[in-house]
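Q: Structure file run-v9.csv (CSV, C-alpha atoms) is given on the next line.
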```csv
chain,number,residue,atom,x,y,z
Z,1,MET,CA,51.7,-30.7,-91.8
Z,2,ASN,CA,52.4,-27.2,-90.8
Z,3,SER,CA,54.9,-27.2,-87.9
Z,4,THR,CA,53.4,-24.0,-86.4
Z,5,LEU,CA,50.1,-25.8,-85.6
Z,6,SER,CA,49.3,-26.9,-82.1
Z,7,PRO,CA,48.9,-30.7,-81.5
Z,8,ASP,CA,45.1,-30.4,-81.6
Z,9,GLU,CA,45.3,-28.4,-84.9
Z,10,ARG,CA,47.7,-31.0,-86.4
Z,11,PHE,CA,45.3,-33.8,-85.7
Z,12,MET,CA,42.3,-31.9,-86.9
Z,13,ALA,CA,44.3,-30.9,-90.1
Z,14,ARG,CA,44.7,-34.6,-90.8
Z,15,ALA,CA,41.0,-35.2,-90.3
Z,16,VAL,CA,40.4,-32.4,-92.8
Z,17,GLU,CA,42.7,-34.0,-95.3
Z,18,LEU,CA,40.9,-37.3,-95.0
Z,19,ALA,CA,37.5,-35.6,-95.3
Z,20,ILE,CA,38.4,-34.1,-98.7
Z,21,ARG,CA,39.0,-37.7,-100.1
Z,22,GLY,CA,35.3,-38.4,-99.8
Z,23,ARG,CA,33.9,-35.2,-101.3
Z,24,ASN,CA,33.1,-36.7,-104.7
Z,25,ARG,CA,30.7,-39.2,-103.4
Z,26,THR,CA,29.1,-37.9,-100.1
Z,27,ALA,CA,26.5,-35.5,-101.5
Z,28,PRO,CA,24.0,-34.6,-100.3
Z,29,ASN,CA,25.7,-35.5,-97.0
Z,30,PRO,CA,28.4,-33.3,-95.6
Z,31,THR,CA,32.1,-34.1,-96.0
Z,32,VAL,CA,33.6,-35.3,-92.7
Z,33,GLY,CA,36.9,-36.8,-91.5
Z,34,ALA,CA,38.1,-38.3,-88.2
Z,35,VAL,CA,41.2,-39.5,-86.5
Z,36,MET,CA,41.9,-41.4,-83.3
Z,37,VAL,CA,44.8,-40.3,-81.1
Z,38,ARG,CA,46.6,-42.0,-78.2
Z,39,ASP,CA,49.8,-40.6,-76.5
Z,40,GLY,CA,50.2,-38.0,-79.2
Z,41,GLN,CA,50.1,-40.5,-82.1
Z,42,ILE,CA,47.3,-41.1,-84.7
Z,43,VAL,CA,46.3,-44.7,-84.2
Z,44,ALA,CA,43.2,-44.9,-86.5
Z,45,GLU,CA,41.6,-42.9,-89.3
Z,46,GLY,CA,38.3,-42.7,-91.1
Z,47,TYR,CA,36.2,-40.5,-93.4
Z,48,HIS,CA,32.7,-40.5,-94.9
Z,49,MET,CA,33.3,-42.3,-98.1
Z,50,PHE,CA,29.9,-42.2,-99.8
Z,51,CYS,CA,26.3,-41.2,-99.2
Z,52,GLY,CA,24.6,-44.1,-97.3
Z,53,GLY,CA,28.0,-45.5,-96.1
Z,54,LEU,CA,29.4,-45.3,-92.6
Z,55,HIS,CA,30.0,-41.8,-91.2
Z,56,ALA,CA,33.5,-40.7,-90.5
Z,57,GLU,CA,33.3,-41.5,-86.7
Z,58,ARG,CA,32.2,-45.1,-87.3
Z,59,GLU,CA,34.8,-45.6,-90.0
Z,60,CYS,CA,37.4,-44.5,-87.6
Z,61,ILE,CA,36.1,-46.7,-84.8
Z,62,ALA,CA,36.1,-49.7,-87.2
Z,63,ASP,CA,39.7,-48.9,-88.2
Z,64,ALA,CA,40.6,-48.8,-84.5
Z,65,LYS,CA,38.9,-52.1,-83.8
Z,66,ALA,CA,40.7,-53.7,-86.7
Z,67,LYS,CA,44.0,-52.6,-85.3
Z,68,GLY,CA,43.2,-53.7,-81.7
Z,69,VAL,CA,43.3,-50.1,-80.3
Z,70,ASP,CA,42.0,-49.6,-76.8
Z,71,MET,CA,39.7,-46.6,-77.5
Z,72,SER,CA,39.0,-46.0,-73.8
Z,73,LYS,CA,42.5,-44.4,-73.7
Z,74,CYS,CA,42.1,-42.3,-76.9
Z,75,THR,CA,40.8,-38.9,-78.1
Z,76,MET,CA,38.8,-38.7,-81.4
Z,77,TYR,CA,39.2,-35.6,-83.6
Z,78,VAL,CA,36.3,-35.1,-86.0
Z,79,THR,CA,35.7,-32.2,-88.3
Z,80,LEU,CA,31.9,-32.1,-87.7
Z,81,GLU,CA,29.8,-32.5,-84.6
Z,82,PRO,CA,28.8,-36.2,-84.3
Z,83,CYS,CA,25.2,-36.8,-85.5
Z,84,ASN,CA,22.6,-37.6,-82.8
Z,85,HIS,CA,19.8,-39.0,-85.0
Z,86,HIS,CA,18.8,-42.2,-86.8
Z,87,GLY,CA,19.2,-41.7,-90.6
Z,88,LYS,CA,20.6,-44.2,-93.1
Z,89,THR,CA,23.0,-45.2,-90.3
Z,90,PRO,CA,22.7,-45.2,-86.5
Z,91,PRO,CA,23.8,-42.1,-84.5
Z,92,CYS,CA,27.5,-41.6,-84.3
Z,93,THR,CA,27.0,-40.5,-80.7
Z,94,GLU,CA,26.0,-44.0,-79.8
Z,95,GLY,CA,29.0,-45.5,-81.6
Z,96,ILE,CA,31.3,-43.2,-79.6
Z,97,LEU,CA,29.7,-44.3,-76.3
Z,98,GLU,CA,29.8,-48.0,-77.3
Z,99,ALA,CA,33.5,-47.6,-78.0
Z,100,SER,CA,34.1,-45.9,-74.6
Z,101,ILE,CA,35.9,-43.0,-76.1
Z,102,PRO,CA,36.4,-40.5,-73.3
Z,103,HIS,CA,37.3,-37.4,-75.2
Z,104,ILE,CA,36.1,-35.9,-78.5
Z,105,VAL,CA,37.5,-32.8,-80.2
Z,106,VAL,CA,35.0,-31.3,-82.8
Z,107,GLY,CA,35.9,-28.9,-85.5
Z,108,THR,CA,32.5,-27.2,-86.0
Z,109,ARG,CA,28.9,-27.7,-85.0
Z,110,ASP,CA,26.4,-29.4,-87.3
Z,111,PRO,CA,24.1,-26.8,-88.9
Z,112,ASN,CA,21.4,-29.5,-89.6
Z,113,PRO,CA,18.8,-29.3,-86.8
Z,114,LYS,CA,17.9,-32.9,-87.4
Z,115,ALA,CA,21.4,-34.1,-86.7
Z,116,ALA,CA,22.6,-31.5,-84.2
Z,117,GLY,CA,22.8,-31.9,-80.4
Z,118,GLY,CA,25.5,-34.5,-80.5
Z,119,ILE,CA,27.9,-32.4,-78.3
Z,120,GLU,CA,25.3,-31.9,-75.6
Z,121,TYR,CA,24.3,-35.6,-75.6
Z,122,LEU,CA,27.8,-36.8,-75.3
Z,123,GLU,CA,28.6,-34.4,-72.5
Z,124,SER,CA,25.4,-35.6,-70.7
Z,125,LYS,CA,26.9,-39.1,-70.8
Z,126,GLY,CA,30.2,-38.0,-69.3
Z,127,VAL,CA,32.3,-37.6,-72.5
Z,128,ARG,CA,34.6,-34.6,-72.5
Z,129,VAL,CA,34.0,-32.5,-75.7
Z,130,ASP,CA,36.1,-29.7,-76.9
Z,131,GLN,CA,35.1,-27.7,-80.1
Z,132,GLY,CA,36.2,-25.0,-82.5
Z,133,VAL,CA,39.6,-26.4,-83.5
Z,134,LEU,CA,40.4,-25.3,-87.1
Z,135,GLU,CA,36.8,-24.2,-87.2
Z,136,GLU,CA,37.0,-22.2,-90.4
Z,137,GLN,CA,38.6,-25.1,-92.3
Z,138,CYS,CA,36.0,-27.5,-91.0
Z,139,LYS,CA,33.2,-25.1,-92.0
Z,140,ASP,CA,34.7,-24.9,-95.5
Z,141,LEU,CA,34.4,-28.7,-95.8
Z,142,ILE,CA,30.6,-28.3,-95.4
Z,143,SER,CA,30.1,-25.1,-97.3
Z,144,ASP,CA,28.2,-27.0,-100.0
Z,145,PHE,CA,26.1,-28.8,-97.4
Z,146,LEU,CA,25.3,-25.4,-95.9
Z,147,CYS,CA,24.1,-24.2,-99.3
Z,148,TRP,CA,21.8,-27.2,-99.7
Z,149,GLN,CA,20.4,-26.7,-96.2
Z,150,PHE,CA,19.6,-23.0,-96.5
Z,151,LYS,CA,19.3,-22.2,-100.2
Z,152,ASP,CA,17.3,-23.7,-103.0
Z,153,ARG,CA,20.0,-23.6,-105.7
Z,154,ALA,CA,23.0,-25.7,-106.7
Z,155,TYR,CA,26.4,-25.0,-105.1
Z,156,SER,CA,28.6,-23.0,-107.5
Z,157,ILE,CA,32.3,-23.6,-108.1
Z,158,LEU,CA,34.2,-21.3,-110.5
Z,159,LYS,CA,37.4,-22.8,-112.0
Z,160,LEU,CA,40.1,-20.4,-113.1
Z,161,ALA,CA,43.3,-21.3,-115.0
Z,162,CYS,CA,45.6,-18.4,-115.4
Z,163,THR,CA,49.1,-17.0,-115.7
Z,164,VAL,CA,50.8,-15.1,-112.9
Z,165,ASP,CA,49.5,-11.9,-114.4
Z,166,GLY,CA,45.9,-13.2,-114.4
Z,167,LYS,CA,45.5,-14.1,-118.1
Z,168,ILE,CA,43.4,-17.1,-119.2
Z,169,ALA,CA,44.3,-16.7,-122.9
Z,170,GLY,CA,46.4,-14.6,-125.3
Z,171,ALA,CA,45.2,-11.6,-127.1
Z,172,THR,CA,43.8,-13.6,-130.0
Z,173,GLY,CA,41.8,-15.9,-127.7
Z,174,ALA,CA,43.4,-18.9,-129.3
Z,175,GLN,CA,42.7,-22.2,-127.5
Z,176,GLU,CA,46.0,-22.9,-125.6
Z,177,ALA,CA,46.7,-24.8,-122.4
Z,178,VAL,CA,47.6,-22.4,-119.6
Z,179,SER,CA,48.1,-24.8,-116.8
Z,180,CYS,CA,50.0,-28.1,-116.6
Z,181,PRO,CA,48.8,-31.7,-117.2
Z,182,GLU,CA,48.4,-32.4,-113.5
Z,183,SER,CA,46.0,-29.4,-113.2
Z,184,PHE,CA,44.1,-30.6,-116.2
Z,185,HIS,CA,43.7,-34.0,-114.5
Z,186,ASP,CA,42.6,-32.3,-111.3
Z,187,VAL,CA,39.9,-30.4,-113.2
Z,188,GLN,CA,38.6,-33.7,-114.4
Z,189,HIS,CA,38.1,-34.7,-110.8
Z,190,LEU,CA,36.2,-31.5,-110.3
Z,191,ARG,CA,34.0,-32.4,-113.3
Z,192,SER,CA,33.4,-35.8,-111.8
Z,193,MET,CA,31.7,-34.4,-108.7
Z,194,VAL,CA,29.4,-31.9,-110.3
Z,195,GLY,CA,26.1,-32.3,-112.0
Z,196,ALA,CA,26.6,-29.5,-114.6
Z,197,VAL,CA,29.5,-27.7,-116.3
Z,198,ILE,CA,28.8,-24.1,-117.3
Z,199,VAL,CA,30.5,-22.0,-120.0
Z,200,GLY,CA,29.7,-18.8,-121.9
Z,201,GLY,CA,28.7,-18.4,-125.5
Z,202,ASN,CA,32.2,-17.2,-126.5
Z,203,THR,CA,33.7,-20.4,-125.1
Z,204,LEU,CA,31.2,-22.4,-127.1
Z,205,ARG,CA,32.0,-20.6,-130.4
Z,206,GLU,CA,35.8,-20.4,-129.9
Z,207,ASP,CA,36.6,-23.7,-128.3
Z,208,ASN,CA,33.7,-26.0,-129.3
Z,209,PRO,CA,34.0,-27.9,-126.0
Z,210,SER,CA,32.5,-31.2,-125.0
Z,211,LEU,CA,32.4,-30.4,-121.2
Z,212,ASN,CA,32.5,-34.0,-120.3
Z,213,CYS,CA,34.6,-35.7,-117.6
Z,214,ARG,CA,37.6,-37.5,-119.1
Z,215,LEU,CA,38.8,-39.5,-116.2
Z,216,ASP,CA,39.9,-43.0,-117.2
Z,217,PRO,CA,38.4,-45.1,-115.8
Z,218,LEU,CA,35.3,-43.1,-114.9
Z,219,PRO,CA,33.8,-43.6,-111.4
Z,220,GLU,CA,31.4,-46.6,-111.0
Z,221,GLY,CA,27.9,-45.6,-111.9
Z,222,PHE,CA,29.0,-42.2,-113.2
Z,223,SER,CA,26.8,-40.0,-115.4
Z,224,GLN,CA,28.3,-37.2,-117.4
Z,225,PRO,CA,27.4,-33.7,-116.2
Z,226,LYS,CA,24.9,-31.5,-117.9
Z,227,ALA,CA,26.4,-28.9,-120.2
Z,228,VAL,CA,25.1,-25.4,-119.7
Z,229,VAL,CA,25.9,-22.5,-122.1
Z,230,VAL,CA,25.1,-18.9,-121.0
Z,231,THR,CA,24.5,-16.6,-124.0
Z,232,ASN,CA,22.4,-13.8,-125.3
Z,233,ASN,CA,22.9,-15.1,-128.8
Z,234,LEU,CA,21.8,-18.7,-129.5
Z,235,PRO,CA,24.0,-20.4,-132.1
Z,236,GLN,CA,22.3,-20.5,-135.5
Z,237,ASN,CA,24.9,-22.9,-136.9
Z,238,HIS,CA,24.1,-25.4,-134.3
Z,239,ASP,CA,25.1,-28.4,-136.4
Z,240,GLU,CA,28.7,-27.4,-136.0
Z,241,TYR,CA,29.1,-27.9,-132.3
Z,242,THR,CA,29.7,-31.0,-130.2
Z,243,LEU,CA,27.3,-30.0,-127.5
Z,244,THR,CA,24.4,-29.4,-129.9
Z,245,THR,CA,25.0,-32.7,-131.8
Z,246,THR,CA,26.6,-35.5,-129.8
Z,247,ARG,CA,25.5,-34.1,-126.4
Z,248,ALA,CA,22.2,-32.6,-127.3
Z,249,ALA,CA,20.2,-34.4,-124.6
Z,250,ASP,CA,22.6,-33.2,-121.9
Z,251,THR,CA,22.8,-29.6,-123.1
Z,252,ILE,CA,21.0,-26.5,-121.7
Z,253,PHE,CA,21.1,-22.9,-123.0
Z,254,TRP,CA,20.5,-20.1,-120.5
Z,255,THR,CA,19.4,-17.1,-122.6
Z,256,SER,CA,17.1,-14.0,-122.7
Z,257,ALA,CA,13.3,-14.3,-123.1
Z,258,GLU,CA,13.7,-12.7,-126.5
Z,259,GLN,CA,16.2,-15.4,-127.7
Z,260,ALA,CA,14.1,-18.2,-126.2
Z,261,ALA,CA,11.2,-17.2,-128.4
Z,262,THR,CA,13.2,-17.4,-131.7
Z,263,LYS,CA,13.2,-19.9,-134.5
Z,264,THR,CA,16.7,-20.9,-133.4
Z,265,ALA,CA,15.4,-21.8,-130.0
Z,266,SER,CA,12.7,-24.0,-131.5
Z,267,GLU,CA,15.3,-25.8,-133.6
Z,268,LEU,CA,17.5,-26.4,-130.6
Z,269,LYS,CA,14.5,-27.8,-128.6
Z,270,ASN,CA,13.6,-30.1,-131.5
Z,271,LYS,CA,17.1,-31.6,-131.0
Z,272,GLY,CA,16.2,-32.3,-127.4
Z,273,ILE,CA,18.2,-29.3,-126.1
Z,274,GLU,CA,16.7,-27.4,-123.2
Z,275,VAL,CA,16.4,-23.6,-123.6
Z,276,LEU,CA,15.8,-21.7,-120.4
Z,277,PRO,CA,14.8,-18.0,-120.6
Z,278,LEU,CA,16.3,-15.9,-117.8
Z,279,PRO,CA,15.4,-12.4,-116.6
Z,280,SER,CA,17.9,-9.7,-117.4
Z,281,ASN,CA,18.8,-6.1,-116.6
Z,282,GLU,CA,21.1,-3.5,-118.2
Z,283,LYS,CA,24.2,-5.6,-117.3
Z,284,GLY,CA,23.0,-8.8,-118.8
Z,285,LEU,CA,21.3,-12.1,-117.7
Z,286,ILE,CA,20.3,-12.6,-114.0
Z,287,LEU,CA,21.6,-16.1,-113.4
Z,288,GLU,CA,20.2,-17.3,-110.1
Z,289,LYS,CA,17.1,-18.8,-111.6
Z,290,GLY,CA,19.3,-21.1,-113.7
Z,291,PHE,CA,21.0,-22.5,-110.6
Z,292,THR,CA,17.7,-23.0,-108.9
Z,293,MET,CA,16.2,-24.8,-111.9
Z,294,LEU,CA,19.3,-27.1,-112.2
Z,295,ARG,CA,18.6,-28.2,-108.6
Z,296,GLU,CA,14.8,-28.4,-108.8
Z,297,LYS,CA,14.5,-30.0,-112.2
Z,298,HIS,CA,17.7,-32.0,-112.7
Z,299,ASN,CA,18.7,-32.6,-109.0
Z,300,VAL,CA,22.1,-30.9,-109.7
Z,301,LEU,CA,23.8,-30.3,-106.4
Z,302,ARG,CA,27.1,-28.8,-107.6
Z,303,THR,CA,28.0,-26.9,-110.7
Z,304,LEU,CA,31.4,-26.0,-112.2
Z,305,CYS,CA,31.8,-22.9,-114.3
Z,306,GLU,CA,34.6,-22.9,-116.8
Z,307,GLY,CA,33.5,-19.9,-118.7
Z,308,GLY,CA,35.4,-16.8,-119.8
Z,309,GLY,CA,36.1,-13.7,-117.9
Z,310,ARG,CA,32.8,-12.0,-118.5
Z,311,LEU,CA,30.7,-14.9,-117.2
Z,312,ALA,CA,33.1,-15.3,-114.3
Z,313,CYS,CA,32.6,-11.7,-113.4
Z,314,SER,CA,28.8,-11.8,-113.7
Z,315,LEU,CA,28.6,-14.8,-111.4
Z,316,ALA,CA,30.9,-13.2,-108.9
Z,317,GLU,CA,29.0,-9.9,-108.9
Z,318,GLN,CA,25.7,-11.7,-108.6
Z,319,GLY,CA,26.9,-13.6,-105.5
Z,320,LEU,CA,26.7,-16.9,-107.3
Z,321,VAL,CA,30.2,-18.2,-106.7
Z,322,ASP,CA,30.5,-20.3,-103.5
Z,323,GLU,CA,34.0,-21.5,-104.2
Z,324,PHE,CA,36.8,-20.1,-106.5
Z,325,VAL,CA,39.4,-22.7,-107.6
Z,326,MET,CA,42.3,-21.1,-109.3
Z,327,TYR,CA,45.2,-22.9,-111.0
Z,328,GLN,CA,48.0,-20.4,-111.3
Z,329,ALA,CA,50.7,-21.3,-113.8
Z,330,PRO,CA,54.2,-19.9,-113.2
Z,331,ARG,CA,54.1,-18.1,-116.5
Z,332,ILE,CA,53.8,-14.4,-117.5
Z,333,LEU,CA,52.1,-13.2,-120.7
Z,334,GLY,CA,52.7,-9.5,-120.1
Z,335,ASN,CA,50.3,-8.4,-122.9
Z,336,VAL,CA,47.7,-5.9,-121.8
Z,337,ASP,CA,45.3,-7.4,-124.5
Z,338,GLY,CA,45.5,-10.9,-123.1
Z,339,ARG,CA,42.1,-12.3,-121.9
Z,340,PRO,CA,41.7,-11.7,-118.1
Z,341,ASN,CA,40.3,-14.0,-115.4
Z,342,PHE,CA,37.5,-11.4,-114.8
Z,343,ALA,CA,36.1,-8.8,-117.2
Z,344,GLY,CA,33.1,-6.5,-117.5
Z,345,SER,CA,32.9,-4.9,-114.0
Z,346,ASP,CA,32.2,-1.2,-113.6
Z,347,ASN,CA,34.6,-1.0,-110.6
Z,348,VAL,CA,37.3,1.6,-111.0
Z,349,LEU,CA,39.0,1.7,-107.6
Z,350,ILE,CA,40.7,-1.1,-105.7
Z,351,SER,CA,38.5,-0.2,-102.7
Z,352,GLU,CA,35.6,-1.4,-104.8
Z,353,ALA,CA,37.1,-4.8,-105.4
Z,354,MET,CA,35.4,-8.0,-104.1
Z,355,ASP,CA,37.2,-9.4,-101.1
Z,356,LEU,CA,38.0,-13.1,-100.9
Z,357,ARG,CA,39.7,-15.2,-98.4
Z,358,ILE,CA,42.1,-18.1,-99.0
Z,359,SER,CA,40.6,-21.4,-97.9
Z,360,ARG,CA,43.3,-23.8,-99.1
Z,361,VAL,CA,46.6,-23.8,-101.1
Z,362,GLU,CA,48.4,-26.8,-102.6
Z,363,GLN,CA,50.8,-27.7,-105.4
Z,364,SER,CA,49.3,-29.0,-108.6
Z,365,GLY,CA,52.2,-30.2,-110.7
Z,366,ARG,CA,54.2,-27.0,-111.5
Z,367,ASP,CA,51.1,-24.9,-110.8
Z,368,LEU,CA,49.7,-23.4,-107.6
Z,369,LYS,CA,46.1,-24.4,-106.8
Z,370,ILE,CA,44.4,-21.9,-104.6
Z,371,VAL,CA,40.9,-22.3,-103.3
Z,372,PHE,CA,39.2,-19.0,-102.3
Z,373,LYS,CA,35.9,-18.3,-100.6
Z,374,PRO,CA,33.9,-15.1,-100.6
Z,375,GLU,CA,34.9,-13.0,-97.6
Z,376,GLY,CA,32.4,-13.5,-94.8
Z,377,GLN,CA,31.3,-16.9,-96.0
```
Rewrite the coordinates I just gave you, this time as structure tokens.
A:
Amino acid sequence: MNSTLSPDERFMARAVELAIRGRNRTAPNPTVGAVMVRDGQIVAEGYHMFCGGLHAERECIADAKAKGVDMSKCTMYVTLEPCNHHGKTPPCTEGILEASIPHIVVGTRDPNPKAAGGIEYLESKGVRVDQGVLEEQCKDLISDFLCWQFKDRAYSILKLACTVDGKIAGATGAQEAVSCPESFHDVQHLRSMVGAVIVGGNTLREDNPSLNCRLDPLPEGFSQPKAVVVTNNLPQNHDEYTLTTTRAADTIFWTSAEQAATKTASELKNKGIEVLPLPSNEKGLILEKGFTMLREKHNVLRTLCEGGGRLACSLAEQGLVDEFVMYQAPRILGNVDGRPNFAGSDNVLISEAMDLRISRVEQSGRDLKIVFKPEGQ
């Protein structure tokens, strides 16, 4: 852990690390981690492992009991305010009181009005509660949960794999690996936690992708994500693509109303492929309806966009990227005609650029994995 952090921040940082482990299986619940500390040492840990399972606080309490820890002399650090309601599991506030834990440190408050109020309830019972430690990091853990609570669309992740000079492919657009094998494997973990993978029409035509998760073994009970192709030109030679043949039942095209009314659209529908017309303007398709329909019709909670620079730019400019995940390879192409991360914006000045903030940075093999969030989110 970072040696510049205070003791409270170090313990909360460990709770954040634990929380991330459960992200794949907790939806639609928030991602939460917790640690128990006595005399400056972590003596028990826990995190919310899957939806319907024990919450992080109760996992941590169970770990402490198994280790014979006297919790009446401990402090619990938890990334999210303990819940104060009966859901699939009893309130975590009651578990904390039953364990006689005298001091709780909370990263951020629960935005869900049904579950909130845990801090006040614990304080009313004589528990000391501090809050706001690593609050931004703890809020980032539940950014998808916030989307599901306050928006009617799927949470959108944009994956980028690029060189140091921001290129995702060479000048010819040839399909070549930019990042290292470890990053490729990490992307498969991203695919394993989303309900749909999104690409643009050029990616379909140039790469003929399958957009499936290739983890081995696949998680228990896993269903492959939907494959979404965003294009103003539906493929007429649709018998040549993996998505329109072997994955037809899982494939969706987002296109213009004009394209959706064509013979090609009818042929795709006859294969069992969904064709969704979207509104458009002078810059192209307006994509929010697609994300809303994915959630409403297919119960997709998270999406992963792996499209080209133009699709990435459209999503970003339309405010439809909640999380940017960039794998930056220590390589330089140096060719001005190489394919960039983002393309198609009318911006001319740096002062017009979209501002992001860094949420998390870690090593991924020889690459650097950087997670960005939109500034102000």
Q: Report as a list of chain:residue names all protein, DNA and RNA residues lying within 9 Å of Z:Arg58, evaluated on all atoms listed in the file, omitting residues in the same chain fewer than 6 positions from it.
A: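 Residues near the query, excluding close chain neighbours: Z:Gly46, Z:Tyr47, Z:His48, Z:Cys92, Z:Gly95, Z:Ile96.
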Q: Within 10 Å of Z:Leu311, counting only C-alpha atoms, which residues show up once you throw out same-chain ones fewer than 5 positions away? Write them as a list in words, please.
A: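 Near neighbours after the sequence-gap exclusion: Leu158, Ile198, Val199, Gly200, Gly201, Asn202, Val230, Thr231, Gly284, Leu285, Leu287, Cys305, Glu306, Ala316, Glu317, Asn341, Phe342, Ala343 and Gly344 of chain Z.
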Q: Quick one: residues within 9 Å of (35.1, -18.7, -126.9) (file frame), counting all atoms listed in the file, please, as a PyMOL selection string.
A: chain Z and resi 173-175+199-208+307-308
Q: For a test of reading the model, state the distance in Å between atom CA of Z:Ile252 and atom CA of Z:Ala227, rounded to one decimal.
A: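 These atoms are spaced 6.1 Å apart.
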Q: Using atom CA of Z:Tyr77 and atom CA of Z:Phe11 as the two end points, give the distance in Å to one decimal.
A: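 About the pair atom CA of Z:Tyr77 and atom CA of Z:Phe11: they are 6.7 Å apart.
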Q: Could you check how far atom CA of Z:Lys114 sits from atom CA of Z:Arg21, in Å to one decimal?
A: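 Rounded to one decimal, the two atoms are 25.1 Å apart.
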Q: Rank nothing, just name the residue among Z:Ile332, Z:Asn347, Z:Gln131, Z:Ser359 nearest to Z:Ile168, using all atoms listed in the file.
A: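 Nearest candidate to Z:Ile168 out of Z:Ile332, Z:Asn347, Z:Gln131, Z:Ser359: Z:Ile332.
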Q: Considering only C-alpha atoms, state which residue in the set Z:Asp355, Z:Asp322, Z:Glu123, Z:Glu362 is at the smallest distance from Z:Ser156.
A: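 Among the listed residues, Z:Asp322 lies closest to Z:Ser156.
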Q: Smallest atom-to-atom distance to Z:Met76: which of Z:Arg128, Z:Arg109, Z:Lys297, Z:Lys139, using all atoms listed in the file?
A: Z:Arg128
Q: Could you pull the residues within 12 Å of Z:Asn335, counting all atoms listed in the file, minus those fewer than 3 positions along the same chain, as a list in words?
A: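 Answer for this query is Thr163, Asp165, Gly166, Lys167, Ile168, Ala169, Gly170, Ala171, Thr172, Ile332, Gly338, Arg339 and Pro340 of chain Z.
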Q: As JSON, numbers by chain, please: the residues near Z:Ala15 (cut-off 6 Å, all atoms listed in the file, same-chain neighbours under 5 positions excluded).
A: {"Z": [33, 34, 35]}
Q: Ranking Z:Gly53, Z:Pro235, Z:Gly118, Z:Gly365 by minimum distance to Z:Tyr327 and counting only C-alpha atoms, which one comes first?
A: Z:Gly365
Q: Z:Lys65: which residues within 12 Å, counting only C-alpha atoms, same-chain residues fewer than 5 positions away excluded, as JSON, numbers by chain?
A: {"Z": [36, 43, 44, 45, 46, 58, 59, 60, 70, 71, 72, 98, 99]}
Q: So, with only C-alpha atoms as the atoms that count, which of Z:Gly68, Z:Ala329, Z:Thr31, Z:Val133 lies closest to Z:Cys180?
A: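 Counting only C-alpha atoms, the residue closest to Z:Cys180 is Z:Ala329.
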Q: I'd like to know which of Z:Ala161, Z:Met293, Z:Val228, Z:Val32 is closest to Z:Ile370, using only C-alpha atoms.
A: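 Looking at the shortest contact to Z:Ile370, the residue is Z:Ala161.
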Q: Generate the coordinates of N, CA, C and O atoms for stretch 24-33 of chain Z; report them as a compact mmCIF listing (two decimals), keeping the file's coordinate frame.
A:
```txt
# COMPACT_ATOMS: atom_id res chain seq x y z
N ASN Z 24 33.79 -36.34 -103.42
CA ASN Z 24 33.10 -36.70 -104.70
C ASN Z 24 31.85 -37.45 -104.53
O ASN Z 24 30.95 -37.35 -105.35
N ARG Z 25 31.74 -38.25 -103.44
CA ARG Z 25 30.70 -39.20 -103.40
C ARG Z 25 29.73 -39.05 -102.18
O ARG Z 25 28.83 -39.87 -101.98
N THR Z 26 29.94 -38.03 -101.37
CA THR Z 26 29.10 -37.90 -100.10
C THR Z 26 27.83 -37.16 -100.32
O THR Z 26 26.91 -37.31 -99.51
N ALA Z 27 27.73 -36.32 -101.34
CA ALA Z 27 26.50 -35.50 -101.50
C ALA Z 27 25.27 -36.37 -101.57
O ALA Z 27 25.28 -37.44 -102.18
N PRO Z 28 24.16 -35.91 -100.94
CA PRO Z 28 24.00 -34.60 -100.30
C PRO Z 28 24.40 -34.55 -98.83
O PRO Z 28 24.04 -33.62 -98.10
N ASN Z 29 25.15 -35.54 -98.38
CA ASN Z 29 25.70 -35.50 -97.00
C ASN Z 29 26.88 -34.59 -96.93
O ASN Z 29 27.53 -34.31 -97.94
N PRO Z 30 27.22 -34.15 -95.71
CA PRO Z 30 28.40 -33.30 -95.60
C PRO Z 30 29.70 -34.16 -95.67
O PRO Z 30 29.69 -35.39 -95.51
N THR Z 31 30.79 -33.48 -95.95
CA THR Z 31 32.10 -34.10 -96.00
C THR Z 31 32.76 -34.07 -94.65
O THR Z 31 32.91 -33.00 -94.07
N VAL Z 32 33.14 -35.25 -94.13
CA VAL Z 32 33.60 -35.30 -92.70
C VAL Z 32 34.79 -36.31 -92.65
O VAL Z 32 34.81 -37.35 -93.32
N GLY Z 33 35.76 -35.96 -91.80
CA GLY Z 33 36.90 -36.80 -91.50
C GLY Z 33 37.13 -36.96 -90.02
O GLY Z 33 36.71 -36.09 -89.24
```
